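First comes the structure, then the notes that go with it.
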Amino acid sequence: MSNVSGKVIKVSGPLIVAGGMGECKMFDVVRVSKSHLIGEIIELRGDKASIQVYEETGGIGPGEEVISTGMPLSVELGPGLIESIFDGIQRPLNALREKSGDRIGRGVEVRALDHEKKWKFNPTAKVGDVLIPGDEVGFVQENNLIRHSIMVPVGVSGKLTAIADGEYTIDEVVAKIKTDDGKEIPLTMVQKCSVRKGRPYHEKLAPDMPMVTGQRVIDTFFPITKGGVAAVPGPFGSGKTVVQHQLAKWADADIIVYVGCGERGNEMTDVLNEFPELTDPKTGEPLMKRTVLIANTSDMPVAAREASIYTGITIAEYFRDMGYNVAIMADSTSRWAEALREMSGRLEEMPGEEGYPAYLSSRLAEFYERAGIVKVLGSSGKTGSVTAIGAVSPPGGDLSEPVSQATLRIVKVFWGLSASLAYKRHFPAIDWLQSYSLYADRLADWYDDKLGKEWNALRRKAMSILQEEATLDEIVRLVGMDALGAKDRLTMETAKTVREDYLHQNAFHEIDTYASLNKQLRMLKLIISFYELGQDALIKGVDIEDVITLDVREKIGRAKYIEEKDIARFDEIDKELKKEISDLIG
């Protein structure tokens with residue numbers, strides 16, 4: 001510990017002002033009072049430091065000692081991260097519970113990772129190899145899904161002079177590197193990394209591959225790329241958390257980092273109870289085996305909420321540097337912004353719009369800009385990605401408020417949740433007329449290559465039918481459905497099928513919860529085929545009532561419940577559709 005120490009001058013909730021801190025630096029971590037409360041310097045004026053304390057400050061008064069550690073807020077990165085549950089400043093909640101019971105005690109010091117457990121270190125580099133930052137010296141098989149690379153830390157390069165093989169704790173030396181100036185640097189399996197600075201990489205690449213989520217409204221109309229950024233804004237009760245849970249469960253990512261930032265405790269409890277029981281569709285293993293959870297619920301200290309998303313994205317970047325595709329879910333950035341507003345108010349900073357600090361936009365951008373697909377450090381040439389998906393909870397569903405607007409200026413995918421759809425029990429309640437994805441055109445070639453040329457044409461056709469329905473809906477409200485011509489009635493019926501049978505997806509149904517791209521293509525083909533064959537029948541004089549009451553329509557509607565292994569049943573339904581239309585035409 002550094003011997004820089006000062007005295008508390010003022011206490012204002014989680015903000016403490018201490019004097020005698022002239023030698024400290026911004027973002028240094030400090031310990032406050034005999035209780036050793038953990039805090040971080042967020043403002044320096046002369047020898048006075050303003051400190052945000054990550055724990056309850058009740059009982060702290062002027063004159064108490066503040067000691068600086070001389071280090072910024074950092075996370076421990078090494079074997080043991082996967083399957084862990086941390087609070088906002090990477091204290092393991094299981095270990096905290098053992099030490100202080102169901103309520104986290106003040107000043108409890110627990111190390112983030114287990115420093116007693118021995119891991120089997122498997123060397124991959126050889127003595128004499130010349131290594132640079134990011135190169136792998138060995139790996140730990142953390143579980144049967146995750147191969148955890150032990151990498152040369154940033155700032156270290158040279159010739160490998162010794163390497164171990166066997167079982168070691170994360171603090172024991174497993175390799176030694178001799179630098180060009182003759183120093184021998186010991187390497188352990190753990191790294192410390194500041195959370196407020198992004199981890200370095202060689203090069204940021206343009207995203208060109210979708211992150212398949214299994215959610216039809218997202219994959220078909222508003223896709224997100226690996227390394228992309230998305231926002232899920234919506235009012236209370238519109239299903240933001242369920243959308244994020246679905247993405248965490250089914251998204252095509254190697255590792256999930258889920259940050260519960262200021263959300264209700266019962267929602268995090270759902271995650272903690274569900275994830276160990278859920279089976280990963282790709283591996284058949286429990287989903288928790290590739291998940292890191294960070295829980296900073298609304299009753300936990302407000303200052304730690306502000307740190308939690310930085311803790312989460314730093315852990316995500318660490319796994320990205322191993323070559324993994326990582327998805328980070330932040331639920332919700334509005335609660336994080338509220339913590340920022342509270343701390344800014346206590347610092348007596350000039351408020352911006354609605355009391356948020358003037359730097360709200362730049363802080364949000366700092367977080368989202370750390371996402372991306374990159375060529376990682378090291379000589380392997382690997383790429384890794386971090387995909388960031390942030391929920392936004394605008395008060396009263398008002399998307400004109402500052403957090404929503406600042407987020408929309410940064411992200412490229414907007415999944416706007418609608419209260420009216422949620423009230424109609426249409427989930428996911430993503431409004432197809434307001435949402436957008438700026439990645440859709442960029443991914444067109446990928447879809448052409450993987451799913452054939454028809455995919456992009458089908459999705460455009462389906463979207464135009466939905467937009468046409470919105471226009472016709474005004475007429476129907478004024479003069480009724482009977483006023484529409486046969487062609488328009490067919491459009492309305494097809495749009496209803498798209499909405500109710502394709503876009504509506506039951507998160508709790510064993511089969512409907514996830515749909516592969518192939519299944520989505522087959523479903524869309526059936527619906528558009530009905531529309532086009534129906535139009536043809538109308539031209540040939542068939543009555544609209546006969547077209548919209550075809551027996552096969554029920555099978556088209558229930559196609560979402562066809563299992564992936566029975567995909568051939570789509571061909572049978574297609575044949576049935578063509579036969580019934582043919583019989584009508586005569």
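By convention here, the chains of the structure tokens are called A, B, ... in the order presented, each chain's residues are numbered starting at 1, and ligands are numbered starting at 1 in the order presented.
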DSSP alpha helix (DSSP H) residues within segment 165-412 of chain A, as a PyMOL selection string: chain A and resi 216+240-250+265-274+302-320+333-346+360-368+402-408
Near-Phe319 of chain A list (12 Å; only C-alpha atoms; drop same-chain fewer than 3 positions) as a PyMOL selection string: chain A and resi 77-79+81-82+134+146-151+199+253-257+290-292+312-316+322-328+376+383-386
Could you turn the residues from that selection into a file that holds N, CA, C and O atoms, as a short mmCIF file (atom, residue, chain, number, x, y, z; two decimals), in the first residue's frame?
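That gives us selection-v3.cif:
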```cif
data_model
loop_
_atom_site.label_atom_id
_atom_site.label_comp_id
_atom_site.auth_asym_id
_atom_site.auth_seq_id
_atom_site.Cartn_x
_atom_site.Cartn_y
_atom_site.Cartn_z
N LEU A 77 -7.79 -10.85 -13.64
CA LEU A 77 -8.14 -11.63 -14.82
C LEU A 77 -7.31 -12.91 -14.83
O LEU A 77 -6.08 -12.86 -14.84
N GLY A 78 -7.99 -14.04 -14.80
CA GLY A 78 -7.29 -15.32 -14.78
C GLY A 78 -8.28 -16.46 -14.64
O GLY A 78 -9.50 -16.25 -14.63
N PRO A 79 -7.80 -17.69 -14.55
CA PRO A 79 -8.70 -18.84 -14.39
C PRO A 79 -9.61 -18.67 -13.18
O PRO A 79 -9.17 -18.19 -12.13
N LEU A 81 -12.72 -17.09 -13.62
CA LEU A 81 -13.72 -16.07 -13.96
C LEU A 81 -15.05 -16.69 -14.41
O LEU A 81 -16.11 -16.26 -14.00
N ILE A 82 -14.94 -17.72 -15.26
CA ILE A 82 -16.15 -18.34 -15.82
C ILE A 82 -16.97 -18.99 -14.69
O ILE A 82 -16.40 -19.59 -13.78
N GLY A 134 0.42 -10.65 -25.68
CA GLY A 134 -0.72 -11.32 -26.29
C GLY A 134 -0.44 -12.75 -26.72
O GLY A 134 -1.36 -13.52 -26.97
N ILE A 146 -14.49 -24.10 -22.02
CA ILE A 146 -13.63 -22.90 -22.11
C ILE A 146 -12.16 -23.26 -21.92
O ILE A 146 -11.74 -23.74 -20.86
N ARG A 147 -11.41 -22.99 -22.98
CA ARG A 147 -9.94 -23.12 -22.94
C ARG A 147 -9.41 -21.73 -22.63
O ARG A 147 -9.50 -20.83 -23.45
N HIS A 148 -8.85 -21.58 -21.45
CA HIS A 148 -8.46 -20.27 -20.93
C HIS A 148 -6.96 -20.05 -21.23
O HIS A 148 -6.10 -20.67 -20.63
N SER A 149 -6.68 -19.17 -22.18
CA SER A 149 -5.28 -18.90 -22.56
C SER A 149 -4.57 -18.09 -21.48
O SER A 149 -5.13 -17.13 -20.96
N ILE A 150 -3.36 -18.48 -21.19
CA ILE A 150 -2.50 -17.67 -20.31
C ILE A 150 -1.58 -16.90 -21.24
O ILE A 150 -0.74 -17.48 -21.94
N MET A 151 -1.78 -15.57 -21.27
CA MET A 151 -1.11 -14.74 -22.28
C MET A 151 0.00 -13.88 -21.67
O MET A 151 -0.05 -13.55 -20.48
N ARG A 199 -8.55 -2.49 -23.18
CA ARG A 199 -7.36 -3.31 -23.40
C ARG A 199 -6.89 -3.13 -24.86
O ARG A 199 -7.70 -3.03 -25.78
N ALA A 253 -22.67 -16.54 -29.37
CA ALA A 253 -21.45 -16.00 -28.77
C ALA A 253 -20.79 -17.11 -27.95
O ALA A 253 -21.47 -17.98 -27.42
N ASP A 254 -19.45 -17.06 -27.87
CA ASP A 254 -18.74 -18.10 -27.10
C ASP A 254 -18.90 -17.88 -25.61
O ASP A 254 -18.98 -18.82 -24.83
N ILE A 255 -18.90 -16.60 -25.22
CA ILE A 255 -18.94 -16.25 -23.79
C ILE A 255 -19.92 -15.10 -23.59
O ILE A 255 -19.99 -14.18 -24.40
N ILE A 256 -20.68 -15.18 -22.49
CA ILE A 256 -21.66 -14.14 -22.15
C ILE A 256 -21.20 -13.47 -20.85
O ILE A 256 -20.89 -14.14 -19.87
N VAL A 257 -21.16 -12.14 -20.87
CA VAL A 257 -20.96 -11.37 -19.64
C VAL A 257 -22.26 -10.60 -19.40
O VAL A 257 -22.64 -9.76 -20.21
N ARG A 290 -20.41 -20.97 -19.68
CA ARG A 290 -19.74 -19.97 -20.53
C ARG A 290 -20.21 -18.56 -20.17
O ARG A 290 -20.24 -17.67 -21.01
N THR A 291 -20.57 -18.37 -18.91
CA THR A 291 -21.17 -17.10 -18.48
C THR A 291 -20.43 -16.52 -17.27
O THR A 291 -20.00 -17.25 -16.39
N VAL A 292 -20.29 -15.19 -17.27
CA VAL A 292 -19.82 -14.45 -16.09
C VAL A 292 -20.95 -13.48 -15.73
O VAL A 292 -21.44 -12.75 -16.59
N GLY A 312 -17.50 -5.17 -16.23
CA GLY A 312 -18.01 -6.15 -17.18
C GLY A 312 -17.30 -6.10 -18.51
O GLY A 312 -16.89 -7.14 -19.06
N ILE A 313 -17.10 -4.91 -19.06
CA ILE A 313 -16.51 -4.83 -20.40
C ILE A 313 -15.02 -5.16 -20.38
O ILE A 313 -14.47 -5.67 -21.36
N THR A 314 -14.35 -4.92 -19.25
CA THR A 314 -12.93 -5.30 -19.16
C THR A 314 -12.79 -6.81 -19.16
O THR A 314 -11.89 -7.36 -19.82
N ILE A 315 -13.68 -7.51 -18.44
CA ILE A 315 -13.67 -8.98 -18.45
C ILE A 315 -13.97 -9.48 -19.87
O ILE A 315 -13.34 -10.42 -20.37
N ALA A 316 -14.92 -8.83 -20.55
CA ALA A 316 -15.28 -9.21 -21.93
C ALA A 316 -14.07 -9.04 -22.86
O ALA A 316 -13.79 -9.91 -23.69
N MET A 322 -8.39 -13.61 -26.18
CA MET A 322 -8.07 -15.03 -26.40
C MET A 322 -8.61 -15.52 -27.75
O MET A 322 -8.39 -16.67 -28.12
N GLY A 323 -9.36 -14.65 -28.45
CA GLY A 323 -9.94 -15.05 -29.73
C GLY A 323 -11.40 -15.46 -29.64
O GLY A 323 -11.95 -15.99 -30.61
N TYR A 324 -12.03 -15.21 -28.49
CA TYR A 324 -13.45 -15.58 -28.35
C TYR A 324 -14.36 -14.46 -28.85
O TYR A 324 -13.98 -13.28 -28.87
N ASN A 325 -15.59 -14.85 -29.24
CA ASN A 325 -16.65 -13.88 -29.52
C ASN A 325 -17.47 -13.73 -28.24
O ASN A 325 -18.07 -14.70 -27.78
N VAL A 326 -17.45 -12.55 -27.67
CA VAL A 326 -18.08 -12.30 -26.37
C VAL A 326 -19.27 -11.37 -26.56
O VAL A 326 -19.21 -10.42 -27.34
N ALA A 327 -20.35 -11.65 -25.85
CA ALA A 327 -21.50 -10.73 -25.85
C ALA A 327 -21.66 -10.20 -24.43
O ALA A 327 -21.69 -10.98 -23.47
N ILE A 328 -21.74 -8.88 -24.29
CA ILE A 328 -21.97 -8.28 -22.97
C ILE A 328 -23.34 -7.63 -22.96
O ILE A 328 -23.70 -6.88 -23.87
N VAL A 376 -6.38 -9.38 -32.49
CA VAL A 376 -5.85 -9.28 -31.12
C VAL A 376 -4.33 -9.19 -31.12
O VAL A 376 -3.68 -9.49 -32.13
N THR A 383 -8.65 -13.25 -34.43
CA THR A 383 -9.59 -12.15 -34.20
C THR A 383 -10.53 -12.53 -33.06
O THR A 383 -10.79 -13.72 -32.83
N GLY A 384 -11.00 -11.53 -32.35
CA GLY A 384 -11.98 -11.73 -31.28
C GLY A 384 -12.97 -10.57 -31.33
O GLY A 384 -12.69 -9.54 -31.95
N SER A 385 -14.10 -10.74 -30.69
CA SER A 385 -15.08 -9.65 -30.74
C SER A 385 -15.79 -9.47 -29.41
O SER A 385 -15.91 -10.42 -28.63
N VAL A 386 -16.23 -8.25 -29.18
CA VAL A 386 -17.11 -7.93 -28.06
C VAL A 386 -18.35 -7.26 -28.66
O VAL A 386 -18.25 -6.24 -29.34
#
```
Contact residues around segment 33-42 of chain A with only C-alpha atoms at 7 Å, ignoring same-chain residues under 2 positions, as a ChimeraX atom specification: /A:26-31,49-55,64-66,106-107
Resulting file, chosen residues, all heavy atoms, as a CSV table (one decimal), in the first residue's frame:
```csv
chain,number,residue,atom,x,y,z
A,26,MET,N,-5.8,10.9,-10.2
A,26,MET,CA,-7.2,10.6,-10.5
A,26,MET,C,-7.4,9.1,-10.6
A,26,MET,O,-6.6,8.4,-11.2
A,26,MET,CB,-7.6,11.3,-11.9
A,26,MET,CG,-8.1,12.7,-11.7
A,26,MET,SD,-9.7,12.9,-10.9
A,26,MET,CE,-10.8,12.5,-12.3
A,27,PHE,N,-8.6,8.6,-10.2
A,27,PHE,CA,-9.0,7.2,-10.2
A,27,PHE,C,-8.2,6.3,-9.4
A,27,PHE,O,-8.3,5.1,-9.5
A,27,PHE,CB,-9.1,6.7,-11.7
A,27,PHE,CG,-10.0,7.5,-12.6
A,27,PHE,CD1,-9.6,8.1,-13.7
A,27,PHE,CD2,-11.3,7.7,-12.2
A,27,PHE,CE1,-10.4,8.9,-14.5
A,27,PHE,CE2,-12.2,8.5,-12.9
A,27,PHE,CZ,-11.8,9.1,-14.1
A,28,ASP,N,-7.3,6.8,-8.5
A,28,ASP,CA,-6.7,6.0,-7.5
A,28,ASP,C,-7.7,5.4,-6.6
A,28,ASP,O,-8.7,6.0,-6.2
A,28,ASP,CB,-5.6,6.7,-6.7
A,28,ASP,CG,-4.3,6.9,-7.3
A,28,ASP,OD1,-4.2,6.3,-8.5
A,28,ASP,OD2,-3.4,7.5,-6.8
A,29,VAL,N,-7.5,4.1,-6.2
A,29,VAL,CA,-8.4,3.5,-5.2
A,29,VAL,C,-7.9,3.8,-3.8
A,29,VAL,O,-6.7,3.8,-3.5
A,29,VAL,CB,-8.4,1.9,-5.4
A,29,VAL,CG1,-9.1,1.2,-4.3
A,29,VAL,CG2,-9.1,1.6,-6.7
A,30,VAL,N,-8.8,4.1,-2.9
A,30,VAL,CA,-8.4,4.4,-1.5
A,30,VAL,C,-9.2,3.6,-0.5
A,30,VAL,O,-10.2,3.0,-0.9
A,30,VAL,CB,-8.7,5.9,-1.2
A,30,VAL,CG1,-7.9,6.8,-2.1
A,30,VAL,CG2,-10.2,6.3,-1.3
A,31,ARG,N,-8.7,3.5,0.7
A,31,ARG,CA,-9.5,2.9,1.8
A,31,ARG,C,-9.8,4.0,2.8
A,31,ARG,O,-9.0,4.8,3.2
A,31,ARG,CB,-8.6,1.8,2.5
A,31,ARG,CG,-8.3,0.6,1.6
A,31,ARG,CD,-9.5,-0.2,1.4
A,31,ARG,NE,-9.3,-1.4,0.6
A,31,ARG,CZ,-10.2,-2.4,0.4
A,31,ARG,NH1,-11.4,-2.3,0.9
A,31,ARG,NH2,-9.9,-3.4,-0.4
A,49,ALA,N,-9.3,15.7,-2.3
A,49,ALA,CA,-9.8,14.7,-3.2
A,49,ALA,C,-11.2,14.4,-2.9
A,49,ALA,O,-11.6,14.2,-1.8
A,49,ALA,CB,-8.9,13.5,-3.1
A,50,SER,N,-12.1,14.3,-4.0
A,50,SER,CA,-13.4,13.9,-3.9
A,50,SER,C,-13.4,12.4,-4.2
A,50,SER,O,-12.9,12.0,-5.2
A,50,SER,CB,-14.4,14.6,-4.8
A,50,SER,OG,-14.4,16.0,-4.5
A,51,ILE,N,-14.0,11.6,-3.3
A,51,ILE,CA,-13.9,10.1,-3.4
A,51,ILE,C,-15.3,9.5,-3.5
A,51,ILE,O,-16.2,9.9,-2.6
A,51,ILE,CB,-13.2,9.6,-2.2
A,51,ILE,CG1,-11.7,10.1,-2.1
A,51,ILE,CG2,-13.2,8.0,-2.2
A,51,ILE,CD1,-11.1,10.1,-0.7
A,52,GLN,N,-15.6,8.7,-4.5
A,52,GLN,CA,-16.8,8.0,-4.5
A,52,GLN,C,-16.6,6.7,-3.8
A,52,GLN,O,-15.7,5.9,-4.2
A,52,GLN,CB,-17.4,7.8,-5.9
A,52,GLN,CG,-16.7,7.0,-6.9
A,52,GLN,CD,-17.5,6.8,-8.2
A,52,GLN,OE1,-18.6,7.1,-8.3
A,52,GLN,NE2,-16.8,6.4,-9.2
A,53,VAL,N,-17.4,6.4,-2.8
A,53,VAL,CA,-17.2,5.2,-1.9
A,53,VAL,C,-18.2,4.1,-2.4
A,53,VAL,O,-19.4,4.4,-2.6
A,53,VAL,CB,-17.4,5.6,-0.4
A,53,VAL,CG1,-17.2,4.3,0.4
A,53,VAL,CG2,-16.4,6.7,0.0
A,54,TYR,N,-17.7,2.9,-2.6
A,54,TYR,CA,-18.5,1.8,-3.2
A,54,TYR,C,-19.2,1.1,-2.1
A,54,TYR,O,-19.8,0.0,-2.3
A,54,TYR,CB,-17.6,0.9,-3.9
A,54,TYR,CG,-17.0,1.5,-5.2
A,54,TYR,CD1,-15.6,1.5,-5.4
A,54,TYR,CD2,-17.8,2.1,-6.1
A,54,TYR,CE1,-15.0,2.0,-6.5
A,54,TYR,CE2,-17.2,2.7,-7.2
A,54,TYR,CZ,-15.8,2.7,-7.4
A,54,TYR,OH,-15.3,3.2,-8.5
A,55,GLU,N,-19.3,1.6,-0.9
A,55,GLU,CA,-20.0,1.0,0.2
A,55,GLU,C,-20.8,2.0,1.0
A,55,GLU,O,-20.6,3.2,0.8
A,55,GLU,CB,-19.0,0.2,1.1
A,55,GLU,CG,-18.2,-0.8,0.4
A,55,GLU,CD,-17.2,-1.6,1.2
A,55,GLU,OE1,-17.7,-2.3,2.1
A,55,GLU,OE2,-16.0,-1.3,1.1
A,64,GLU,N,-11.6,11.2,10.0
A,64,GLU,CA,-11.2,9.8,9.8
A,64,GLU,C,-10.1,9.7,8.7
A,64,GLU,O,-10.1,10.5,7.8
A,64,GLU,CB,-12.4,8.9,9.5
A,64,GLU,CG,-13.4,9.0,10.6
A,64,GLU,CD,-14.2,7.7,10.9
A,64,GLU,OE1,-13.5,6.6,10.7
A,64,GLU,OE2,-15.4,7.7,11.2
A,65,GLU,N,-9.3,8.6,8.8
A,65,GLU,CA,-8.2,8.5,7.9
A,65,GLU,C,-8.6,7.9,6.5
A,65,GLU,O,-9.5,7.1,6.4
A,65,GLU,CB,-7.1,7.6,8.5
A,65,GLU,CG,-5.8,7.6,7.8
A,65,GLU,CD,-4.7,6.8,8.5
A,65,GLU,OE1,-4.9,5.7,8.9
A,65,GLU,OE2,-3.6,7.3,8.5
A,66,VAL,N,-7.9,8.4,5.5
A,66,VAL,CA,-8.1,7.9,4.1
A,66,VAL,C,-6.7,7.5,3.6
A,66,VAL,O,-5.8,8.3,3.6
A,66,VAL,CB,-8.7,9.0,3.2
A,66,VAL,CG1,-8.8,8.5,1.8
A,66,VAL,CG2,-10.1,9.4,3.7
A,106,ARG,N,-19.7,-4.1,5.6
A,106,ARG,CA,-18.9,-3.0,5.2
A,106,ARG,C,-17.4,-3.3,5.4
A,106,ARG,O,-17.0,-3.9,6.4
A,106,ARG,CB,-19.2,-1.7,5.9
A,106,ARG,CG,-20.6,-1.3,5.7
A,106,ARG,CD,-20.8,0.2,6.1
A,106,ARG,NE,-20.3,0.5,7.4
A,106,ARG,CZ,-20.1,1.7,7.9
A,106,ARG,NH1,-20.3,2.7,7.1
A,106,ARG,NH2,-19.7,1.9,9.1
A,107,GLY,N,-16.6,-2.9,4.3
A,107,GLY,CA,-15.2,-3.1,4.5
A,107,GLY,C,-14.7,-4.6,4.3
A,107,GLY,O,-13.6,-4.9,4.7
```
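Between Phe221 of chain A and the candidates A:Thr497, A:Thr513, A:Ser437, A:Ser298, the tightest atom-to-atom separation, counting only C-alpha atoms, involves A:Ser437.
Compared by their closest atoms to Asn144 of chain A, and using only C-alpha atoms, the residues A:Lys289, A:Lys412, A:Arg264, A:Lys99 rank with A:Lys289 nearest.
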For segment 358-372 of chain A, list every protein, DNA or RNA residue within 7 Å, evaluated using only C-alpha atoms, and leave out those in the same chain fewer than 5 positions away; present the list as an mmCIF file with all heavy atoms, in the first residue's frame.
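Now in around.cif:
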```cif
data_model
loop_
_atom_site.group_PDB
_atom_site.id
_atom_site.type_symbol
_atom_site.label_atom_id
_atom_site.label_comp_id
_atom_site.auth_asym_id
_atom_site.auth_seq_id
_atom_site.Cartn_x
_atom_site.Cartn_y
_atom_site.Cartn_z
ATOM 1 N N GLY A 198 -9.548 0.804 -22.099
ATOM 2 C CA GLY A 198 -9.740 -0.386 -22.940
ATOM 3 C C GLY A 198 -8.445 -1.156 -23.094
ATOM 4 O O GLY A 198 -7.360 -0.569 -23.141
ATOM 5 N N LYS A 204 -8.763 -2.640 -35.358
ATOM 6 C CA LYS A 204 -10.218 -2.831 -35.315
ATOM 7 C C LYS A 204 -10.699 -3.111 -36.740
ATOM 8 O O LYS A 204 -10.301 -2.416 -37.673
ATOM 9 C CB LYS A 204 -10.899 -1.586 -34.753
ATOM 10 C CG LYS A 204 -12.257 -1.864 -34.155
ATOM 11 C CD LYS A 204 -12.757 -0.705 -33.318
ATOM 12 C CE LYS A 204 -13.674 -1.172 -32.212
ATOM 13 N NZ LYS A 204 -14.096 -0.144 -31.304
ATOM 14 N N GLY A 227 -19.432 -8.075 -32.753
ATOM 15 C CA GLY A 227 -18.674 -6.833 -32.603
ATOM 16 C C GLY A 227 -19.535 -5.601 -32.789
ATOM 17 O O GLY A 227 -19.041 -4.482 -32.832
ATOM 18 N N GLY A 228 -20.856 -5.779 -32.884
ATOM 19 C CA GLY A 228 -21.764 -4.641 -33.055
ATOM 20 C C GLY A 228 -22.252 -4.104 -31.718
ATOM 21 O O GLY A 228 -21.939 -4.637 -30.652
ATOM 22 N N VAL A 229 -23.013 -3.016 -31.800
ATOM 23 C CA VAL A 229 -23.594 -2.421 -30.584
ATOM 24 C C VAL A 229 -25.086 -2.201 -30.813
ATOM 25 O O VAL A 229 -25.506 -1.775 -31.891
ATOM 26 C CB VAL A 229 -22.918 -1.080 -30.191
ATOM 27 C CG1 VAL A 229 -21.549 -1.307 -29.604
ATOM 28 C CG2 VAL A 229 -22.808 -0.137 -31.382
ATOM 29 N N PRO A 351 -25.070 21.001 -13.963
ATOM 30 C CA PRO A 351 -25.911 19.955 -14.559
ATOM 31 C C PRO A 351 -26.225 20.240 -16.024
ATOM 32 O O PRO A 351 -26.325 21.381 -16.441
ATOM 33 C CB PRO A 351 -27.184 19.995 -13.706
ATOM 34 C CG PRO A 351 -27.241 21.388 -13.177
ATOM 35 C CD PRO A 351 -25.817 21.867 -13.040
ATOM 36 N N GLY A 352 -26.378 19.160 -16.791
ATOM 37 C CA GLY A 352 -26.834 19.289 -18.178
ATOM 38 C C GLY A 352 -28.331 19.035 -18.232
ATOM 39 O O GLY A 352 -29.059 19.282 -17.264
ATOM 40 N N SER A 385 -14.096 -10.739 -30.691
ATOM 41 C CA SER A 385 -15.079 -9.647 -30.744
ATOM 42 C C SER A 385 -15.787 -9.473 -29.412
ATOM 43 O O SER A 385 -15.909 -10.417 -28.633
ATOM 44 C CB SER A 385 -16.117 -9.911 -31.846
ATOM 45 O OG SER A 385 -16.941 -11.002 -31.500
ATOM 46 N N VAL A 386 -16.226 -8.247 -29.180
ATOM 47 C CA VAL A 386 -17.114 -7.928 -28.060
ATOM 48 C C VAL A 386 -18.346 -7.261 -28.657
ATOM 49 O O VAL A 386 -18.247 -6.242 -29.343
ATOM 50 C CB VAL A 386 -16.449 -6.972 -27.042
ATOM 51 C CG1 VAL A 386 -17.460 -6.537 -25.984
ATOM 52 C CG2 VAL A 386 -15.250 -7.615 -26.378
ATOM 53 N N THR A 387 -19.506 -7.870 -28.436
ATOM 54 C CA THR A 387 -20.783 -7.316 -28.889
ATOM 55 C C THR A 387 -21.493 -6.747 -27.669
ATOM 56 O O THR A 387 -21.681 -7.464 -26.688
ATOM 57 C CB THR A 387 -21.644 -8.421 -29.535
ATOM 58 O OG1 THR A 387 -20.868 -9.087 -30.524
ATOM 59 C CG2 THR A 387 -22.898 -7.845 -30.152
ATOM 60 N N ALA A 388 -21.834 -5.465 -27.712
ATOM 61 C CA ALA A 388 -22.435 -4.812 -26.532
ATOM 62 C C ALA A 388 -23.914 -4.533 -26.785
ATOM 63 O O ALA A 388 -24.283 -3.935 -27.801
ATOM 64 C CB ALA A 388 -21.707 -3.505 -26.224
ATOM 65 N N ALA A 406 -28.747 10.003 -26.278
ATOM 66 C CA ALA A 406 -27.281 9.857 -26.331
ATOM 67 C C ALA A 406 -26.907 8.459 -26.830
ATOM 68 O O ALA A 406 -25.969 8.291 -27.604
ATOM 69 C CB ALA A 406 -26.681 10.101 -24.946
ATOM 70 N N THR A 407 -27.682 7.446 -26.396
ATOM 71 C CA THR A 407 -27.405 6.068 -26.820
ATOM 72 C C THR A 407 -27.671 5.888 -28.301
ATOM 73 O O THR A 407 -26.878 5.263 -29.013
ATOM 74 C CB THR A 407 -28.273 5.078 -26.002
ATOM 75 O OG1 THR A 407 -28.042 5.299 -24.609
ATOM 76 C CG2 THR A 407 -27.915 3.636 -26.326
ATOM 77 N N ILE A 410 -25.037 6.699 -30.748
ATOM 78 C CA ILE A 410 -23.827 5.866 -30.730
ATOM 79 C C ILE A 410 -24.063 4.499 -31.377
ATOM 80 O O ILE A 410 -23.257 4.025 -32.171
ATOM 81 C CB ILE A 410 -23.346 5.657 -29.264
ATOM 82 C CG1 ILE A 410 -23.024 6.991 -28.606
ATOM 83 C CG2 ILE A 410 -22.137 4.727 -29.210
ATOM 84 C CD1 ILE A 410 -23.095 6.952 -27.090
#
```
Between atom CA of Val4 of chain A and atom CA of Glu23 of chain A - distance in Å to one decimal: 7.0 Å
Contacts of segment 518-527 of chain A at 9 Å (only C-alpha atoms; same-chain gap of 5+ positions) as JSON, numbers by chain: {"A": [214, 216, 219, 220, 451, 454, 455, 458, 459, 462, 494, 497, 498, 502, 532, 556, 557, 559, 560, 562, 563, 564, 567, 570, 571, 573, 574, 577]}
Quick one: everything within 7 Å of Val130 of chain A, counting only C-alpha atoms, minus sequence neighbours fewer than 4 positions away in the same chain. Send it as a JSON list (two decimals) with N, CA, C and O atoms, in the first residue's frame.
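Contents of result-v8.json, freshly written:
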```json
[["chain", "number", "residue", "atom", "x", "y", "z"],
["A", 158, "GLY", "N", 10.12, -10.76, -25.00],
["A", 158, "GLY", "CA", 11.49, -11.28, -24.89],
["A", 158, "GLY", "C", 11.52, -12.78, -25.11],
["A", 158, "GLY", "O", 10.59, -13.37, -25.64],
["A", 159, "LYS", "N", 12.61, -13.40, -24.66],
["A", 159, "LYS", "CA", 12.82, -14.83, -24.89],
["A", 159, "LYS", "C", 12.35, -15.63, -23.67],
["A", 159, "LYS", "O", 12.64, -15.25, -22.53],
["A", 160, "LEU", "N", 11.62, -16.70, -23.93],
["A", 160, "LEU", "CA", 11.13, -17.57, -22.85],
["A", 160, "LEU", "C", 12.30, -18.39, -22.30],
["A", 160, "LEU", "O", 12.95, -19.12, -23.04]]
```
